[in-house]
>>> print(open('query.cif').read())   # mmCIF, C-alpha atoms, pLDDT in the B column; chains and numbers go by the auth columns
data_run
loop_
_atom_site.group_PDB
_atom_site.id
_atom_site.type_symbol
_atom_site.label_atom_id
_atom_site.label_comp_id
_atom_site.label_asym_id
_atom_site.label_seq_id
_atom_site.Cartn_x
_atom_site.Cartn_y
_atom_site.Cartn_z
_atom_site.B_iso_or_equiv
_atom_site.auth_seq_id
_atom_site.auth_asym_id
ATOM 1 C CA MET A 1 -47.339 -92.297 -53.178 72.00 52 A
ATOM 2 C CA LYS A 2 -47.052 -94.454 -56.260 83.00 53 A
ATOM 3 C CA LEU A 3 -49.767 -93.457 -58.762 85.00 54 A
ATOM 4 C CA SER A 4 -49.256 -96.617 -60.809 83.00 55 A
ATOM 5 C CA LYS A 5 -51.142 -98.466 -58.048 84.00 56 A
ATOM 6 C CA ILE A 6 -54.246 -96.753 -59.410 86.00 57 A
ATOM 7 C CA TYR A 7 -53.929 -97.310 -63.151 83.00 58 A
ATOM 8 C CA ASP A 8 -51.521 -100.245 -63.660 86.00 59 A
ATOM 9 C CA PRO A 9 -53.340 -103.614 -63.425 82.00 60 A
ATOM 10 C CA ARG A 10 -50.071 -105.290 -62.385 88.00 61 A
ATOM 11 C CA GLU A 11 -49.937 -103.132 -59.264 91.00 62 A
ATOM 12 C CA MET A 12 -53.632 -103.166 -58.407 91.00 63 A
ATOM 13 C CA ASN A 13 -54.927 -105.414 -55.680 94.00 64 A
ATOM 14 C CA SER A 14 -57.796 -107.804 -56.281 94.00 65 A
ATOM 15 C CA TYR A 15 -60.423 -105.288 -55.104 95.00 66 A
ATOM 16 C CA GLN A 16 -59.257 -102.693 -57.609 95.00 67 A
ATOM 17 C CA PHE A 17 -59.034 -105.242 -60.407 94.00 68 A
ATOM 18 C CA VAL A 18 -62.555 -106.571 -59.780 96.00 69 A
ATOM 19 C CA ALA A 19 -63.923 -103.028 -59.578 96.00 70 A
ATOM 20 C CA SER A 20 -62.191 -102.048 -62.837 95.00 71 A
ATOM 21 C CA THR A 21 -63.511 -105.124 -64.593 96.00 72 A
ATOM 22 C CA GLY A 22 -66.991 -104.504 -63.207 97.00 73 A
ATOM 23 C CA LEU A 23 -66.912 -100.910 -64.369 96.00 74 A
ATOM 24 C CA VAL A 24 -65.893 -101.898 -67.902 97.00 75 A
ATOM 25 C CA MET A 25 -68.583 -104.605 -68.049 97.00 76 A
ATOM 26 C CA THR A 26 -71.195 -102.155 -66.753 97.00 77 A
ATOM 27 C CA LEU A 27 -70.199 -99.644 -69.430 97.00 78 A
ATOM 28 C CA LEU A 28 -70.525 -102.332 -72.106 97.00 79 A
ATOM 29 C CA ALA A 29 -73.897 -103.449 -70.740 97.00 80 A
ATOM 30 C CA ASN A 30 -75.068 -99.846 -70.725 96.00 81 A
ATOM 31 C CA LEU A 31 -73.954 -99.454 -74.344 96.00 82 A
ATOM 32 C CA ILE A 32 -75.784 -102.631 -75.371 97.00 83 A
ATOM 33 C CA LEU A 33 -78.933 -101.472 -73.583 96.00 84 A
ATOM 34 C CA ALA A 34 -78.720 -98.137 -75.392 96.00 85 A
ATOM 35 C CA LEU A 35 -78.249 -99.849 -78.765 97.00 86 A
ATOM 36 C CA ILE A 36 -81.315 -102.040 -78.314 97.00 87 A
ATOM 37 C CA GLY A 37 -83.367 -99.187 -76.854 96.00 88 A
ATOM 38 C CA LYS A 38 -83.889 -100.641 -73.387 95.00 89 A
ATOM 39 C CA SER A 39 -83.299 -99.112 -69.993 93.00 90 A
ATOM 40 C CA VAL A 40 -83.005 -100.467 -66.483 94.00 91 A
ATOM 41 C CA ALA A 41 -84.158 -98.457 -63.493 94.00 92 A
ATOM 42 C CA ASN A 42 -81.323 -97.382 -61.217 94.00 93 A
ATOM 43 C CA PHE A 43 -78.655 -98.815 -63.526 94.00 94 A
ATOM 44 C CA TRP A 44 -76.460 -95.841 -62.565 94.00 95 A
ATOM 45 C CA ALA A 45 -76.166 -97.319 -59.050 96.00 96 A
ATOM 46 C CA LEU A 46 -73.761 -99.938 -60.442 96.00 97 A
ATOM 47 C CA TYR A 47 -71.312 -97.171 -61.313 96.00 98 A
ATOM 48 C CA VAL A 48 -71.453 -95.869 -57.745 97.00 99 A
ATOM 49 C CA CYS A 49 -70.838 -99.365 -56.365 97.00 100 A
ATOM 50 C CA TRP A 50 -67.819 -99.998 -58.613 97.00 101 A
ATOM 51 C CA ILE A 51 -66.296 -96.608 -57.859 97.00 102 A
ATOM 52 C CA VAL A 52 -66.694 -97.057 -54.096 97.00 103 A
ATOM 53 C CA PHE A 53 -65.248 -100.588 -54.358 96.00 104 A
ATOM 54 C CA PHE A 54 -62.286 -99.225 -56.345 95.00 105 A
ATOM 55 C CA VAL A 55 -61.648 -96.386 -53.889 96.00 106 A
ATOM 56 C CA LEU A 56 -61.727 -98.762 -50.911 96.00 107 A
ATOM 57 C CA GLY A 57 -59.375 -101.119 -52.745 95.00 108 A
ATOM 58 C CA THR A 58 -57.031 -98.225 -53.461 94.00 109 A
ATOM 59 C CA VAL A 59 -56.976 -97.277 -49.772 94.00 110 A
ATOM 60 C CA VAL A 60 -56.135 -100.883 -48.885 93.00 111 A
ATOM 61 C CA ASN A 61 -53.459 -100.972 -51.598 92.00 112 A
ATOM 62 C CA TYR A 62 -51.753 -97.820 -50.289 90.00 113 A
ATOM 63 C CA THR A 63 -51.965 -98.740 -46.608 89.00 114 A
ATOM 64 C CA SER A 64 -50.841 -102.360 -46.845 85.00 115 A
ATOM 65 C CA LYS A 65 -47.242 -103.369 -46.411 78.00 116 A
ATOM 66 C CA PRO A 66 -45.590 -105.321 -49.263 70.00 117 A
ATOM 67 C CA ASN A 67 -45.551 -108.550 -47.234 64.00 118 A
ATOM 68 C CA ASP A 68 -49.188 -108.289 -46.073 55.00 119 A
ATOM 69 C CA HIS A 69 -50.337 -110.294 -49.099 55.00 120 A
ATOM 70 C CA ASP A 70 -47.719 -113.005 -48.771 52.00 121 A
ATOM 71 C CA HIS A 71 -49.765 -115.838 -47.262 49.00 122 A
ATOM 72 C CA HIS A 72 -47.804 -118.692 -48.746 43.00 123 A
ATOM 73 C CA HIS A 73 -45.111 -119.923 -46.439 42.00 124 A
ATOM 74 C CA HIS A 74 -42.571 -122.289 -47.876 43.00 125 A
ATOM 75 C CA HIS A 75 -40.403 -124.277 -45.516 44.00 126 A
#
>>> encode(input="query.cif", output="structure tokens")
Amino acid sequence: MKLSKIYDPREMNSYQFVASTGLVMTLLANLILALIGKSVANFWALYVCWIVFFVLGTVVNYTSKPNDHDHHHHH
């Protein structure tokens, strides 16, 4: 089990990368909302969505074979 598939963007799949980006953007949005004194109902649900998306992406990353993502066939 290669742990770098969890924290290294070069080894993440697209699901993990999108989830990581979404989580960072959600954190920044939450910070901006706090700075301007606003709140959004159920904003915390975005964190749950990104974490679930990341976990599912991690499962796919660990269970896929190295050639599963090679869709380009050159003749």
>>> residues_around(input="query.cif", residues="range 92-95 of chain A", least_positions_apart="5", cutoff="12 Å", atoms="only C-alpha atoms", output="ChimeraX atom specification")
/A:74,77-78,80-82,84-85,100-102
>>> atom_distance(input="query.cif", atom1="CA of Pro60 in chain A", atom2="CA of Tyr98 in chain A")
19.2 Å
>>> closest_residue(input="query.cif", among="A:Ala96, A:Met52, A:Pro117, A:Val103", to="Asn64 in chain A", atoms="all atoms listed in the file")
A:Pro117
>>> atom_distance(input="query.cif", atom1="CA of Ala70 in chain A", atom2="CA of Phe104 in chain A")
5.9 Å
>>> atom_distance(input="query.cif", atom1="CA of Leu97 in chain A", atom2="CA of Val69 in chain A")
13.0 Å
>>> axis_aligned_box(input="query.cif", around="range 88-105 of chain A", padding_each_side="5 Å", output="AutoDock Vina command-line options")
--center_x -73.2 --center_y -98.2 --center_z -65.5 --size_x 31.9 --size_y 14.8 --size_z 32.8
>>> residues_around(input="query.cif", residues="Thr109 in chain A", least_positions_apart="5", cutoff="9 Å", atoms="only C-alpha atoms", output="list in words")
Lys56, Ile57, Met63, Asn64, Tyr66, Gln67, Phe104 and Thr114 of chain A
>>> decode(input="query.cif", residues="range 85-118 of chain A", atoms="N, CA and C atoms", output="compact mmCIF listing (two decimals), in the first residue's frame")
# COMPACT_ATOMS: atom_id res chain seq x y z
N ALA A 85 -16.29 34.03 7.08
CA ALA A 85 -16.04 34.39 8.49
C ALA A 85 -15.51 35.82 8.59
N LEU A 86 -14.63 36.21 7.67
CA LEU A 86 -14.06 37.55 7.70
C LEU A 86 -15.10 38.64 7.44
N ILE A 87 -16.07 38.34 6.59
CA ILE A 87 -17.09 39.36 6.31
C ILE A 87 -18.33 39.20 7.20
N GLY A 88 -18.28 38.22 8.10
CA GLY A 88 -19.36 38.06 9.07
C GLY A 88 -20.63 37.45 8.51
N LYS A 89 -20.52 36.66 7.49
CA LYS A 89 -21.69 36.00 6.90
C LYS A 89 -21.63 34.51 7.21
N SER A 90 -22.76 33.87 7.10
CA SER A 90 -22.79 32.41 7.25
C SER A 90 -23.80 31.84 6.25
N VAL A 91 -23.57 30.61 5.88
CA VAL A 91 -24.44 29.90 4.95
C VAL A 91 -24.93 28.65 5.66
N ALA A 92 -26.23 28.44 5.65
CA ALA A 92 -26.79 27.26 6.29
C ALA A 92 -26.26 26.00 5.61
N ASN A 93 -25.91 25.04 6.42
CA ASN A 93 -25.43 23.73 5.96
C ASN A 93 -24.15 23.80 5.13
N PHE A 94 -23.35 24.81 5.32
CA PHE A 94 -22.09 24.93 4.59
C PHE A 94 -21.16 23.76 4.91
N TRP A 95 -21.28 23.22 6.11
CA TRP A 95 -20.46 22.08 6.54
C TRP A 95 -20.66 20.87 5.64
N ALA A 96 -21.82 20.78 4.99
CA ALA A 96 -22.11 19.61 4.13
C ALA A 96 -21.13 19.52 2.97
N LEU A 97 -20.56 20.65 2.54
CA LEU A 97 -19.55 20.61 1.48
C LEU A 97 -18.32 19.82 1.92
N TYR A 98 -17.93 19.97 3.18
CA TYR A 98 -16.79 19.22 3.68
C TYR A 98 -17.05 17.72 3.61
N VAL A 99 -18.24 17.32 4.00
CA VAL A 99 -18.62 15.90 3.95
C VAL A 99 -18.56 15.39 2.51
N CYS A 100 -19.09 16.16 1.58
CA CYS A 100 -19.08 15.76 0.17
C CYS A 100 -17.66 15.59 -0.35
N TRP A 101 -16.78 16.54 -0.07
CA TRP A 101 -15.40 16.46 -0.56
C TRP A 101 -14.65 15.29 0.07
N ILE A 102 -14.89 15.04 1.34
CA ILE A 102 -14.20 13.93 2.01
C ILE A 102 -14.68 12.59 1.45
N VAL A 103 -15.97 12.44 1.25
CA VAL A 103 -16.50 11.20 0.66
C VAL A 103 -15.96 11.02 -0.75
N PHE A 104 -15.94 12.09 -1.54
CA PHE A 104 -15.41 12.04 -2.91
C PHE A 104 -13.93 11.64 -2.90
N PHE A 105 -13.17 12.17 -1.94
CA PHE A 105 -11.75 11.83 -1.84
C PHE A 105 -11.56 10.37 -1.45
N VAL A 106 -12.34 9.91 -0.48
CA VAL A 106 -12.23 8.52 -0.03
C VAL A 106 -12.57 7.55 -1.17
N LEU A 107 -13.64 7.84 -1.90
CA LEU A 107 -14.00 6.98 -3.04
C LEU A 107 -12.91 7.00 -4.11
N GLY A 108 -12.34 8.16 -4.36
CA GLY A 108 -11.24 8.27 -5.31
C GLY A 108 -10.02 7.49 -4.86
N THR A 109 -9.76 7.50 -3.55
CA THR A 109 -8.64 6.75 -3.01
C THR A 109 -8.86 5.25 -3.19
N VAL A 110 -10.08 4.79 -2.95
CA VAL A 110 -10.39 3.37 -3.15
C VAL A 110 -10.16 2.99 -4.61
N VAL A 111 -10.62 3.83 -5.53
CA VAL A 111 -10.41 3.57 -6.96
C VAL A 111 -8.92 3.57 -7.28
N ASN A 112 -8.17 4.50 -6.71
CA ASN A 112 -6.74 4.61 -6.96
C ASN A 112 -6.00 3.35 -6.49
N TYR A 113 -6.37 2.82 -5.35
CA TYR A 113 -5.70 1.63 -4.82
C TYR A 113 -6.13 0.34 -5.50
N THR A 114 -7.34 0.30 -6.02
CA THR A 114 -7.83 -0.94 -6.63
C THR A 114 -7.61 -1.02 -8.13
N SER A 115 -7.24 0.09 -8.76
CA SER A 115 -7.03 0.05 -10.21
C SER A 115 -5.65 -0.47 -10.54
N LYS A 116 -5.55 -1.09 -11.67
CA LYS A 116 -4.25 -1.56 -12.16
C LYS A 116 -3.56 -0.40 -12.88
N PRO A 117 -2.24 -0.39 -12.97
CA PRO A 117 -1.54 0.73 -13.61
C PRO A 117 -1.98 1.01 -15.03
N ASN A 118 -2.40 0.02 -15.78
CA ASN A 118 -2.80 0.22 -17.17
C ASN A 118 -4.29 0.51 -17.34
